[in-house]
Amino acid sequence: MGQASLLYIFLTFLKLGATAFGGYMSLVAMVQKQLVEVDKKLKEEDLLDGISLTSVLPGPVAVNTIAYVGYHLRGIPGAVVAFAGIIIPSLLLVIFLSWLYFSYGNIPAVKNIFNGITPAITALIVTVAIGMARKTIKVPMQWLICLLAALLLIFIGGFTVTFLLIVGSGVAGVFLFRQSVANDAAITGESPFSKRQLVISGGILLVLLCILLWGGQAPGAPLGIQIVSTFSGISLTLFGGGYVVIPALHELFVENLKWLTSAEFADGIAIGQITPGPIFITATFIGYKVAGIVGALLATFAMFTPPAILTVLLSRFVKVLNRSAGVKAAMKGIRAAVIGMIFASAITIGQTISLSVIAAVIFLVTFFISYKYTISPIYLIVGAGLAGFILF
């Protein structure tokens, strides 16, 4: 497993960012397929560690996970180029669609393409979950944790359940697997963070929180400062991602700040859904409405950067803690829960498929190719989109 170059990291996530339709878990599935299976630049357990960490942090989980992966591959430069690569395609596309929307009042019709992409995304997630389970889950208790996690997310869902699953599966892992982990191999020590590193990390967090609590709230603050402060505050206080954030965004931007009408907000969410990337990319649309292209860039930067920095900071603690037997045992439980969550997300996304013979064929063909052959998921997504456009 050779070291990944910065150019490779940027171009890989640029391509993934241009085709990552279907939400957070679809992007995770594509990262797993491309970096773990096809290019062999990343270990599966490292990706699962990133998912486990970002699942309990604020902000867009998908982008935070990419920042974690980039940092794991090449440190801070890797995190920066991975972050840029995954954001740029959706940023440019949303700016273009926002211009069309506010100039002509129309959103381009892409329904047929997405009718093909959705079953393909679902099939990819299922194959990734199966592959992860075969490699990671070794004992019956891990299967039980996996099953419980899937059932709880399917029938209850929400961030609180996700958070409790991560914490609960970690605690269960300590009790269930600590002895076996200690017996498997001697645990080597690693130097903990120095006080200086802790002070620097705490200082950066304090600056981020100051932006949240004070930065743009002063009377008469420039519009750009208001945009950066507002979106930074959102990114550091909203947990759960996806549809969980929509009510909070509506209350802030429609009811309180009055930057958008309800109709414009709904259309902004729609644009966020028909473009690749996380639903948080709606920030670009809102920023464009408030201050044009500059507003779009500022809003996007403020929405995604603070939680990504937080993820990178905490990932350094994870690398230290992973040397302990207790943490390794906890991660055995957490990884099982994460795989259950991936299975659950496949079912959740699958429920949005428009039922038809064509959709079923696209699902089965994608599942077969993905499960049987090592092929980049980008080609499968593009092919499914073209099939949907032609066949529907």
# chains A, B, ... in the order shown; residues from 1 in each chain; ligands from 1

$ residues_around --residues "Ser103 in chain A" --least-positions-apart "4" --cutoff "12 Å" --atoms "only C-alpha atoms" --output "list of chain:residue names"
A:Ile95, A:Phe96, A:Leu97, A:Ser98, A:Trp99, A:Ile107, A:Tyr288, A:Lys289, A:Gly292

$ residues_around --residues "Trp143 in chain A" --least-positions-apart "2" --cutoff "10 Å" --atoms "only C-alpha atoms" --output "MDAnalysis selection string"
chainID A and resid 133 137:141 145:149 333 336:337 339:340

$ closest_residue --among "A:Thr230, A:Thr127, A:Asn115, A:Thr282" --to "Thr352 in chain A" --atoms "only C-alpha atoms"
A:Asn115

$ closest_atom_pairs --of "range 124-182 of chain A" --to "range 359-381 of chain A" --cutoff "9 Å" --atoms "only C-alpha atoms" --output "Markdown table"
| residue | atom | partner | partner_atom | distance |
| --- | --- | --- | --- | --- |
| A:Leu124 | CA | A:Phe367 | CA | 6.3 |
| A:Val126 | CA | A:Phe367 | CA | 7.7 |
| A:Thr127 | CA | A:Tyr371 | CA | 5.7 |
| A:Val128 | CA | A:Tyr371 | CA | 8.2 |
| A:Ile130 | CA | A:Tyr371 | CA | 8.9 |
| A:Gly131 | CA | A:Tyr371 | CA | 8.3 |

$ residues_around --residues "Leu260 in chain A" --least-positions-apart "4" --cutoff "8 Å" --atoms "only C-alpha atoms" --output "NGL selection string"
:A and (253-254 or 264-265 or 286 or 289)

$ write_last_selection --atoms "N, CA and C atoms" --output "compact mmCIF listing (two decimals), in the first residue's frame"
# COMPACT_ATOMS: atom_id res chain seq x y z
N PHE A 253 -32.98 30.96 8.47
CA PHE A 253 -32.84 31.80 7.28
C PHE A 253 -34.17 32.36 6.78
N VAL A 254 -35.28 31.71 7.09
CA VAL A 254 -36.58 32.21 6.63
C VAL A 254 -37.27 33.01 7.73
N GLU A 264 -38.28 29.98 -1.82
CA GLU A 264 -36.87 29.96 -2.22
C GLU A 264 -36.09 28.93 -1.41
N PHE A 265 -36.40 28.82 -0.12
CA PHE A 265 -35.72 27.84 0.71
C PHE A 265 -35.99 26.42 0.20
N ILE A 286 -27.93 29.72 -0.59
CA ILE A 286 -28.33 30.82 0.30
C ILE A 286 -27.33 31.98 0.21
N LYS A 289 -27.86 33.95 -2.93
CA LYS A 289 -29.03 34.84 -2.85
C LYS A 289 -28.67 36.12 -2.09

$ residues_around --residues "range 166-181 of chain A" --least-positions-apart "3" --cutoff "8 Å" --atoms "only C-alpha atoms" --output "PDB file with N, CA and C atoms, in the first residue's frame"
ATOM      1  N   SER A  52     -16.815   6.462  12.379  1.00  0.00           N
ATOM      2  CA  SER A  52     -17.192   6.427  13.795  1.00  0.00           C
ATOM      3  C   SER A  52     -16.962   7.783  14.452  1.00  0.00           C
ATOM      4  N   SER A  55     -19.373  10.606  12.936  1.00  0.00           N
ATOM      5  CA  SER A  55     -20.797  10.398  13.228  1.00  0.00           C
ATOM      6  C   SER A  55     -21.253  11.129  14.479  1.00  0.00           C
ATOM      7  N   VAL A  56     -20.318  11.429  15.380  1.00  0.00           N
ATOM      8  CA  VAL A  56     -20.699  12.090  16.635  1.00  0.00           C
ATOM      9  C   VAL A  56     -20.187  13.530  16.695  1.00  0.00           C
ATOM     10  N   ILE A 145     -24.511  -6.791  17.446  1.00  0.00           N
ATOM     11  CA  ILE A 145     -24.406  -5.326  17.497  1.00  0.00           C
ATOM     12  C   ILE A 145     -24.793  -4.725  16.145  1.00  0.00           C
ATOM     13  N   THR A 162     -28.228   7.598  16.687  1.00  0.00           N
ATOM     14  CA  THR A 162     -26.896   7.373  16.123  1.00  0.00           C
ATOM     15  C   THR A 162     -25.815   7.570  17.175  1.00  0.00           C
ATOM     16  N   PHE A 163     -25.926   8.651  17.917  1.00  0.00           N
ATOM     17  CA  PHE A 163     -24.941   8.948  18.956  1.00  0.00           C
ATOM     18  C   PHE A 163     -24.925   7.848  20.010  1.00  0.00           C
ATOM     19  N   ASP A 184      -4.632 -11.219  21.501  1.00  0.00           N
ATOM     20  CA  ASP A 184      -4.222 -11.332  20.096  1.00  0.00           C
ATOM     21  C   ASP A 184      -2.800 -10.847  19.879  1.00  0.00           C
ATOM     22  N   ALA A 185      -2.451  -9.757  20.512  1.00  0.00           N
ATOM     23  CA  ALA A 185      -1.115  -9.197  20.310  1.00  0.00           C
ATOM     24  C   ALA A 185      -0.779  -8.262  21.455  1.00  0.00           C
ATOM     25  N   ALA A 325      -5.487  -1.107  24.430  1.00  0.00           N
ATOM     26  CA  ALA A 325      -6.324  -2.296  24.279  1.00  0.00           C
ATOM     27  C   ALA A 325      -7.793  -1.949  24.449  1.00  0.00           C
ATOM     28  N   GLY A 326      -8.097  -1.059  25.405  1.00  0.00           N
ATOM     29  CA  GLY A 326      -9.493  -0.680  25.633  1.00  0.00           C
ATOM     30  C   GLY A 326     -10.119  -0.013  24.425  1.00  0.00           C
ATOM     31  N   VAL A 327      -9.358   0.894  23.794  1.00  0.00           N
ATOM     32  CA  VAL A 327      -9.885   1.592  22.620  1.00  0.00           C
ATOM     33  C   VAL A 327     -10.039   0.626  21.449  1.00  0.00           C
ATOM     34  N   LYS A 328      -9.074  -0.269  21.268  1.00  0.00           N
ATOM     35  CA  LYS A 328      -9.193  -1.242  20.179  1.00  0.00           C
ATOM     36  C   LYS A 328     -10.409  -2.140  20.369  1.00  0.00           C
ATOM     37  N   ALA A 329     -10.681  -2.519  21.613  1.00  0.00           N
ATOM     38  CA  ALA A 329     -11.864  -3.325  21.889  1.00  0.00           C
ATOM     39  C   ALA A 329     -13.136  -2.524  21.609  1.00  0.00           C
ATOM     40  N   ALA A 330     -13.138  -1.249  22.027  1.00  0.00           N
ATOM     41  CA  ALA A 330     -14.296  -0.391  21.761  1.00  0.00           C
ATOM     42  C   ALA A 330     -14.537  -0.254  20.268  1.00  0.00           C
ATOM     43  N   MET A 331     -13.458  -0.116  19.485  1.00  0.00           N
ATOM     44  CA  MET A 331     -13.607   0.051  18.045  1.00  0.00           C
ATOM     45  C   MET A 331     -14.157  -1.203  17.384  1.00  0.00           C
ATOM     46  N   LYS A 332     -13.891  -2.379  17.959  1.00  0.00           N
ATOM     47  CA  LYS A 332     -14.490  -3.597  17.407  1.00  0.00           C
ATOM     48  C   LYS A 332     -16.009  -3.552  17.524  1.00  0.00           C
ATOM     49  N   GLY A 333     -16.487  -3.004  18.633  1.00  0.00           N
ATOM     50  CA  GLY A 333     -17.928  -2.839  18.779  1.00  0.00           C
ATOM     51  C   GLY A 333     -18.469  -1.741  17.891  1.00  0.00           C
ATOM     52  N   ILE A 334     -17.751  -0.610  17.818  1.00  0.00           N
ATOM     53  CA  ILE A 334     -18.231   0.529  17.036  1.00  0.00           C
ATOM     54  C   ILE A 334     -18.261   0.195  15.551  1.00  0.00           C
ATOM     55  N   ALA A 336     -18.747  -2.641  14.134  1.00  0.00           N
ATOM     56  CA  ALA A 336     -19.910  -3.489  13.869  1.00  0.00           C
ATOM     57  C   ALA A 336     -21.182  -2.644  13.781  1.00  0.00           C
ATOM     58  N   ALA A 337     -21.302  -1.656  14.680  1.00  0.00           N
ATOM     59  CA  ALA A 337     -22.472  -0.781  14.656  1.00  0.00           C
ATOM     60  C   ALA A 337     -22.498   0.069  13.385  1.00  0.00           C
ATOM     61  N   VAL A 338     -21.332   0.570  12.973  1.00  0.00           N
ATOM     62  CA  VAL A 338     -21.259   1.389  11.757  1.00  0.00           C
ATOM     63  C   VAL A 338     -21.705   0.582  10.544  1.00  0.00           C
TER      64      VAL A 338
END

$ atom_distance --atom1 "CA of Leu7 in chain A" --atom2 "CA of Ile121 in chain A"
26.6 Å

$ atom_distance --atom1 "CA of Thr300 in chain A" --atom2 "CA of Val31 in chain A"
22.1 Å

$ residues_around --residues "range 79-85 of chain A" --least-positions-apart "2" --cutoff "6 Å" --atoms "only C-alpha atoms" --output "list in words"
Ile9, Phe10, Phe13, Leu14, Ala67, Gly70, Tyr71, Ile76, Pro77, Ile87 and Ile88 of chain A

$ write_last_selection --atoms "C-alpha atoms" --output "PDB file, in the first residue's frame"
ATOM      1  CA  ILE A   9      -5.876  12.622  -3.502  1.00  0.00           C
ATOM      2  CA  PHE A  10      -7.166  15.802  -5.158  1.00  0.00           C
ATOM      3  CA  PHE A  13     -11.946  13.230  -4.560  1.00  0.00           C
ATOM      4  CA  LEU A  14     -12.657  15.670  -7.390  1.00  0.00           C
ATOM      5  CA  ALA A  67     -11.146  15.436   5.644  1.00  0.00           C
ATOM      6  CA  GLY A  70      -7.186  12.977   3.524  1.00  0.00           C
ATOM      7  CA  TYR A  71      -5.459  13.615   6.843  1.00  0.00           C
ATOM      8  CA  ILE A  76      -2.788  18.285   6.904  1.00  0.00           C
ATOM      9  CA  PRO A  77      -1.930  18.851   3.193  1.00  0.00           C
ATOM     10  CA  ILE A  87     -16.374  20.408  -2.451  1.00  0.00           C
ATOM     11  CA  ILE A  88     -15.429  22.042  -5.776  1.00  0.00           C
TER      12      ILE A  88
END
